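> start02.cif is the file, holding mmCIF, C-alpha atoms:
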data_structure
loop_
_atom_site.label_atom_id
_atom_site.label_comp_id
_atom_site.auth_asym_id
_atom_site.auth_seq_id
_atom_site.Cartn_x
_atom_site.Cartn_y
_atom_site.Cartn_z
CA MET A 149 5.25 17.44 0.68
CA PRO A 150 2.97 17.31 3.75
CA LEU A 151 0.34 15.56 1.61
CA LEU A 152 2.58 12.51 1.24
CA LYS A 153 3.00 12.22 5.00
CA ILE A 154 -0.77 12.43 5.46
CA ILE A 155 -1.48 9.74 2.88
CA SER A 156 1.29 7.60 4.33
CA LEU A 157 -0.48 7.68 7.70
CA LEU A 158 -3.87 6.92 6.13
CA LEU A 159 -2.50 3.90 4.26
CA GLU A 160 -0.84 2.41 7.34
CA TYR A 161 -2.61 -0.18 9.49
CA PRO A 162 -5.02 2.03 11.47
CA ASP A 163 -3.57 3.15 14.78
CA GLU A 164 -5.46 4.77 17.65
CA ASP A 165 -2.97 7.65 17.55
CA LEU A 166 -4.72 8.96 14.44
CA TRP A 167 -8.01 9.21 16.31
CA GLN A 168 -6.31 10.80 19.32
CA ASN A 169 -4.79 13.44 17.02
CA ARG A 170 -7.93 13.85 14.94
CA GLU A 171 -8.02 17.67 14.89
CA GLU A 172 -4.37 17.95 13.89
CA LEU A 173 -4.83 15.49 11.02
CA LEU A 174 -7.98 17.25 9.79
CA ALA A 175 -6.28 20.63 9.88
CA ALA A 176 -3.23 19.32 8.04
CA THR A 177 -5.43 17.69 5.38
CA GLU A 178 -7.47 20.84 4.85
CA GLN A 179 -4.29 22.80 4.29
CA ALA A 180 -2.49 20.24 2.11
CA GLN A 181 -5.36 18.79 0.05
CA PRO A 182 -8.91 20.03 0.80
CA ASP A 183 -10.36 17.51 -1.67
CA LEU A 184 -9.40 14.72 0.76
CA LEU A 185 -10.98 16.34 3.81
CA ALA A 186 -14.32 14.53 3.42
CA PHE A 187 -12.48 11.19 3.13
CA VAL A 188 -10.51 11.85 6.32
CA GLN A 189 -13.63 12.99 8.17
CA ARG A 190 -15.47 9.77 7.27
CA TYR A 191 -12.36 7.71 8.07
CA LEU A 192 -12.08 9.16 11.57
CA ALA A 193 -15.83 9.01 12.18
CA ALA A 194 -15.66 5.20 12.08
CA PRO A 195 -14.48 3.12 15.05
CA VAL A 196 -10.80 2.21 14.84
CA LEU A 197 -11.63 -1.52 14.98
CA ASP A 198 -13.87 -1.17 11.92
CA LYS A 199 -11.12 0.57 9.97
CA GLN A 200 -8.61 -2.08 11.02
CA ALA A 201 -10.92 -4.80 9.70
CA GLU A 202 -11.43 -2.88 6.45
CA TRP A 203 -7.66 -2.39 6.04
CA CYS A 204 -7.02 -6.11 6.49
CA ALA A 205 -9.71 -7.01 3.95
CA LEU A 206 -8.33 -4.58 1.39
CA PHE A 207 -4.58 -4.85 1.74
CA GLU A 208 -3.75 -8.17 3.39
CA ARG A 209 -5.94 -10.61 1.49
CA GLY A 210 -4.54 -11.45 -1.90
CA ARG A 211 -1.75 -9.86 -3.89
CA ALA A 212 -3.76 -7.60 -6.19
CA THR A 213 -3.99 -4.71 -3.70
CA SER A 214 -0.78 -5.36 -1.78
CA LEU A 215 0.93 -2.21 -0.56
CA LEU A 216 4.29 -3.77 -1.39
CA LEU A 217 5.22 -1.92 -4.58
CA PHE A 218 7.52 -4.54 -6.06
CA GLU A 219 4.77 -7.14 -5.74
CA HIS A 220 3.26 -5.48 -8.81
CA VAL A 221 6.48 -5.23 -10.81
CA HIS A 222 8.98 -7.93 -9.97
CA ALA A 223 6.76 -10.52 -8.18
CA GLU A 224 9.17 -13.23 -6.97
CA SER A 225 11.89 -12.59 -9.57
CA ARG A 226 15.56 -12.07 -8.69
CA GLU A 227 15.29 -8.44 -9.79
CA ARG A 228 13.15 -7.79 -6.72
CA GLY A 229 16.10 -8.38 -4.39
CA GLN A 230 18.33 -5.88 -6.17
CA ALA A 231 15.51 -3.35 -6.33
CA MET A 232 15.11 -3.73 -2.56
CA VAL A 233 18.82 -3.08 -2.04
CA ASP A 234 18.74 0.00 -4.28
CA LEU A 235 15.76 1.41 -2.38
CA LEU A 236 17.42 0.71 0.97
CA ASN A 237 20.44 2.66 -0.18
CA GLN A 238 18.22 5.62 -1.05
CA TYR A 239 16.64 5.51 2.41
CA GLU A 240 20.00 5.33 4.15
CA ALA A 241 21.31 8.28 2.13
CA ALA A 242 18.26 10.25 3.29
CA GLY A 243 18.84 9.25 6.93
CA LEU A 244 15.73 7.04 7.10
CA GLN A 245 16.24 4.02 9.33
CA LEU A 246 14.08 0.92 8.89
CA SER A 247 13.06 -1.47 11.63
CA CYS A 248 13.86 -5.16 11.18
CA ARG A 249 10.20 -5.84 10.28
CA GLU A 250 9.90 -3.25 7.50
CA LEU A 251 10.35 -3.93 3.80
CA PRO A 252 11.60 -0.96 1.77
CA ASP A 253 8.95 -1.27 -0.93
CA TYR A 254 6.05 -0.85 1.52
CA LEU A 255 4.12 2.09 0.05
CA PRO A 256 3.52 4.04 3.29
CA LEU A 257 7.26 3.83 4.02
CA TYR A 258 8.14 4.98 0.50
CA LEU A 259 5.76 7.93 0.90
CA GLU A 260 7.39 8.79 4.23
CA TYR A 261 10.74 8.84 2.43
CA LEU A 262 9.42 11.05 -0.37
CA SER A 263 7.82 13.43 2.14
CA ARG A 264 11.34 14.26 3.33
CA GLN A 265 12.53 15.20 -0.15
CA ASP A 266 12.16 18.53 -1.90
CA ALA A 267 9.11 19.01 -4.10
CA ALA A 268 10.85 18.13 -7.37
CA ALA A 269 12.42 14.94 -6.02
CA ALA A 270 9.15 13.89 -4.38
CA ARG A 271 7.27 14.44 -7.64
CA GLU A 272 9.84 12.40 -9.55
CA GLY A 273 9.59 9.58 -7.02
CA LEU A 274 5.82 9.51 -7.43
CA GLN A 275 6.13 9.53 -11.21
CA ASP A 276 8.36 6.45 -10.96
CA ILE A 277 5.49 4.48 -9.41
CA ALA A 278 2.56 6.19 -11.16
CA PRO A 279 1.52 3.06 -13.13
CA ILE A 280 1.41 1.06 -9.88
CA LEU A 281 -0.60 3.77 -8.15
CA ALA A 282 -3.11 3.81 -11.02
CA LEU A 283 -3.37 0.02 -10.96
CA LEU A 284 -3.95 -0.12 -7.21
CA GLY A 285 -6.41 2.76 -7.37
CA GLY A 286 -8.30 1.05 -10.18
CA ARG A 287 -8.55 -2.20 -8.26
CA LEU A 288 -9.75 -0.40 -5.14
CA LYS A 289 -12.32 1.54 -7.15
CA ALA A 290 -13.56 -1.73 -8.64
CA ARG A 291 -14.10 -2.89 -5.05
CA ASP A 292 -16.03 0.31 -4.24
CA SER A 293 -13.35 1.40 -1.79
CA GLU A 294 -12.95 5.07 -0.96
CA PHE A 295 -9.22 4.43 -0.56
CA SER A 296 -8.97 4.86 -4.34
CA ALA A 297 -9.17 8.61 -3.70
CA LEU A 298 -5.79 8.51 -1.96
CA PHE A 299 -4.17 7.00 -5.05
CA ASP A 300 -5.72 9.59 -7.35
CA ALA A 301 -4.40 12.30 -5.00
CA LEU A 302 -0.91 10.81 -5.28
CA LEU A 303 -1.18 10.71 -9.08
CA ALA A 304 -2.28 14.33 -9.12
CA ALA A 305 0.68 15.27 -6.90
CA ALA A 306 2.94 13.45 -9.38
CA GLN A 307 1.43 15.54 -12.18
CA SER A 308 0.73 12.25 -13.94
CA PRO A 309 -2.04 11.98 -16.53
CA LEU A 310 -2.95 8.57 -15.08
CA ARG A 311 -5.91 8.09 -12.76
CA SER A 312 -7.48 5.04 -11.19
CA ASP A 313 -10.04 4.91 -14.02
CA ALA A 314 -7.26 4.64 -16.62
CA LEU A 315 -6.81 0.90 -16.08
CA ALA A 316 -10.50 0.11 -15.66
CA GLY A 317 -10.57 -2.23 -18.67
CA GLN A 318 -7.56 -4.17 -17.47
CA VAL A 319 -8.90 -4.50 -13.93
CA ALA A 320 -12.34 -5.59 -15.12
CA GLY A 321 -10.86 -8.72 -16.67
CA GLU A 322 -9.01 -9.84 -13.55
CA ALA A 323 -10.14 -12.68 -11.34
CA ARG A 324 -10.37 -11.69 -7.67
CA ASP A 325 -7.56 -13.17 -5.60
CA ASP A 326 -9.17 -12.42 -2.24
CA SER A 327 -12.00 -14.94 -2.55
CA PRO A 328 -12.26 -17.73 0.05
CA ALA A 329 -11.04 -20.30 -2.49
CA ALA A 330 -8.04 -18.21 -3.51
CA MET A 331 -7.14 -17.46 0.10
CA ASP A 332 -7.46 -21.14 1.02
CA ALA A 333 -4.91 -21.95 -1.67
CA VAL A 334 -2.47 -19.41 -0.27
CA TRP A 335 -3.12 -20.57 3.29
CA GLU A 336 -2.32 -24.18 2.39
CA GLU A 337 1.05 -23.07 1.00
CA GLU A 338 1.90 -20.81 3.91
CA GLN A 339 0.41 -22.59 6.92
CA VAL A 340 3.55 -24.24 8.29
CA LYS A 341 5.78 -21.21 7.67
CA PHE A 342 3.20 -18.75 8.93
CA MET A 343 2.41 -20.62 12.15
CA GLY A 344 6.07 -21.19 12.85
CA SER A 345 7.48 -17.74 12.18
CA HIS A 346 4.87 -15.03 12.82
CA SER A 347 3.09 -13.84 15.92
CA VAL A 348 -0.19 -11.95 16.11
CA MET A 349 1.81 -8.73 16.44
CA ASP A 350 3.66 -9.52 13.22
CA ASN A 351 0.36 -9.90 11.39
CA PRO A 352 -2.54 -8.06 13.04
CA CYS A 353 -4.90 -9.32 10.35
CA GLY A 354 -4.63 -12.80 11.80
CA ASP A 355 -6.17 -15.14 9.26
CA ALA A 356 -4.37 -13.80 6.18
CA PRO A 357 -0.69 -14.32 5.30
CA ALA A 358 1.33 -11.27 6.32
CA GLN A 359 2.38 -9.02 3.46
CA HIS A 360 6.01 -9.28 4.43
CA ALA A 361 5.92 -13.06 4.01
CA PRO A 362 6.79 -14.21 0.45
CA ARG A 363 3.92 -16.04 -1.20
CA GLY A 364 4.12 -18.73 -3.82
CA GLY A 365 1.96 -19.11 -6.89
CA HIS A 366 -1.67 -20.10 -6.81
CA ASP A 367 -4.55 -20.26 -9.22
CA VAL A 368 -5.50 -16.58 -9.18
CA LEU A 369 -2.70 -14.16 -10.06
CA PRO A 370 -2.97 -10.41 -10.63
CA GLN A 371 -1.39 -8.81 -13.65
CA TYR A 372 2.14 -7.50 -13.24
CA LEU A 373 3.35 -4.24 -14.64
CA ASP A 374 6.22 -4.00 -17.12
CA LEU A 375 7.27 -0.42 -16.45
CA SER A 376 9.91 -0.48 -19.16
CA ALA A 377 7.22 -1.17 -21.75
CA GLY A 378 4.66 1.15 -20.20
CA GLY A 379 2.02 -1.52 -19.79
CA ALA A 380 0.97 -4.66 -17.99
CA LYS A 381 1.76 -8.26 -18.69
#
Translate this structure into structure tokens?

Amino acid sequence: MPLLKIISLLLEYPDEDLWQNREELLAATEQAQPDLLAFVQRYLAAPVLDKQAEWCALFERGRATSLLLFEHVHAESRERGQAMVDLLNQYEAAGLQLSCRELPDYLPLYLEYLSRQDAAAAREGLQDIAPILALLGGRLKARDSEFSALFDALLAAAQSPLRSDALAGQVAGEARDDSPAAMDAVWEEEQVKFMGSHSVMDNPCGDAPAQHAPRGGHDVLPQYLDLSAGGAK
């Protein structure tokens, strides 16, 4: 599915290559999903530094909108490790090689993997994470972010009845975990580990803990999905 590759690129930390290949991306979007063309046009009309700052604010501050899929299912439980191994095995079977800095549950990477599968397998893979996509889309919509459109496009590609509005009631009752107070709490936990183990290149967002660094509990926690029960807990 070319659409999955496009959305994978749009959800990655913004890279100047996208702007340099603007016409190719616009043409591919118009062919794969015309409804997203206006989003991509606005995205590329903004300076890359502005989009990088927006990406950091949305996806690197707090856990609620983390692009690490298992953050919303397993949190810090032991099941997360086994789920990582299982996903790695799927990637290896498909010939997808990860760098040492990549976690297998990073959504853009998962979409890259699905984009290499046939249509039926890609659709099934999206259906597996549809509740997470709806939850993330709902949280982004609550923050007035146009990125929610990408998650609705993924849900439509999955042929899922869910949309970002579906979890509006659940999201409305959540406390924001990207406030200065919440981020200060996380920073206090991570400061020694973060300063000692990550460079600016590891975490381009600078003042927020990198998504690939495990985070401990703090006062504001997002809801986690129980996919086996079909709801959140």
> Written as an mmCIF file with C-alpha atoms, keeping the file's coordinate frame, which residues does the PyMOL selection byres ((chain A and resi 299) around 10) give for the file shown?

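This went into selection.cif:
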data_model
loop_
_atom_site.group_PDB
_atom_site.id
_atom_site.type_symbol
_atom_site.label_atom_id
_atom_site.label_comp_id
_atom_site.auth_asym_id
_atom_site.auth_seq_id
_atom_site.Cartn_x
_atom_site.Cartn_y
_atom_site.Cartn_z
ATOM 1 C CA ILE A 155 -1.480 9.740 2.880
ATOM 2 C CA LEU A 159 -2.500 3.900 4.260
ATOM 3 C CA ALA A 278 2.560 6.190 -11.160
ATOM 4 C CA ILE A 280 1.410 1.060 -9.880
ATOM 5 C CA LEU A 281 -0.600 3.770 -8.150
ATOM 6 C CA ALA A 282 -3.110 3.810 -11.020
ATOM 7 C CA LEU A 283 -3.370 0.020 -10.960
ATOM 8 C CA LEU A 284 -3.950 -0.120 -7.210
ATOM 9 C CA GLY A 285 -6.410 2.760 -7.370
ATOM 10 C CA GLY A 286 -8.300 1.050 -10.180
ATOM 11 C CA LEU A 288 -9.750 -0.400 -5.140
ATOM 12 C CA GLU A 294 -12.950 5.070 -0.960
ATOM 13 C CA PHE A 295 -9.220 4.430 -0.560
ATOM 14 C CA SER A 296 -8.970 4.860 -4.340
ATOM 15 C CA ALA A 297 -9.170 8.610 -3.700
ATOM 16 C CA LEU A 298 -5.790 8.510 -1.960
ATOM 17 C CA ASP A 300 -5.720 9.590 -7.350
ATOM 18 C CA ALA A 301 -4.400 12.300 -5.000
ATOM 19 C CA LEU A 302 -0.910 10.810 -5.280
ATOM 20 C CA LEU A 303 -1.180 10.710 -9.080
ATOM 21 C CA ALA A 304 -2.280 14.330 -9.120
ATOM 22 C CA ALA A 305 0.680 15.270 -6.900
ATOM 23 C CA ARG A 311 -5.910 8.090 -12.760
ATOM 24 C CA SER A 312 -7.480 5.040 -11.190
#
> For the structure provided, state which residues fall under the PyMOL selection byres ((chain A and resi 236) around 12), and present them as a list in words.
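When the PyMOL selection byres ((chain A and resi 236) around 12) is applied to the shown file, the picked residues are Gly229, Gln230, Ala231, Met232, Val233, Asp234, Leu235, Asn237, Gln238, Tyr239, Glu240, Ala241, Ala242, Gly243, Leu244, Gln245, Leu246, Ser247, Glu250, Leu251, Pro252, Asp253, Tyr254, Leu257, Tyr258 and Tyr261 of chain A.
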> What does the distance between atom CA of Cys353 of chain A and atom CA of Gln318 of chain A come to in Å, to one decimal place?
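Interatomic distance here is 28.4 Å.
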> Name every residue that the PyMOL selection byres ((chain A and resi 181) around 12) selects in this structure, writing the answer as a list in words with chains first and numbers rising.
Met149, Pro150, Leu151, Leu152, Lys153, Ile154, Ile155, Leu173, Leu174, Ala175, Ala176, Thr177, Glu178, Gln179, Ala180, Pro182, Asp183, Leu184, Leu185, Ala186, Phe187, Val188, Ala297, Leu298, Asp300, Ala301, Leu302, Ala304 and Ala305 of chain A
> Please indicate the distance in Å from atom CA of Glu160 of chain A to atom CA of Val221 of chain A, rounded to one decimal place.
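Atom-to-atom, atom CA of Glu160 of chain A and atom CA of Val221 of chain A are spaced 21.0 Å apart.
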> Please indicate the distance in Å from atom CA of Glu272 of chain A to atom CA of Ala306 of chain A, rounded to one decimal place.
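Computing the Euclidean distance for atom CA of Glu272 of chain A and atom CA of Ala306 of chain A yields 7.0 Å.
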> From the list A:Glu164, A:Asp198, A:Phe207, A:Leu262, which residue is nearest Asp276 of chain A when using only C-alpha atoms?
A:Leu262
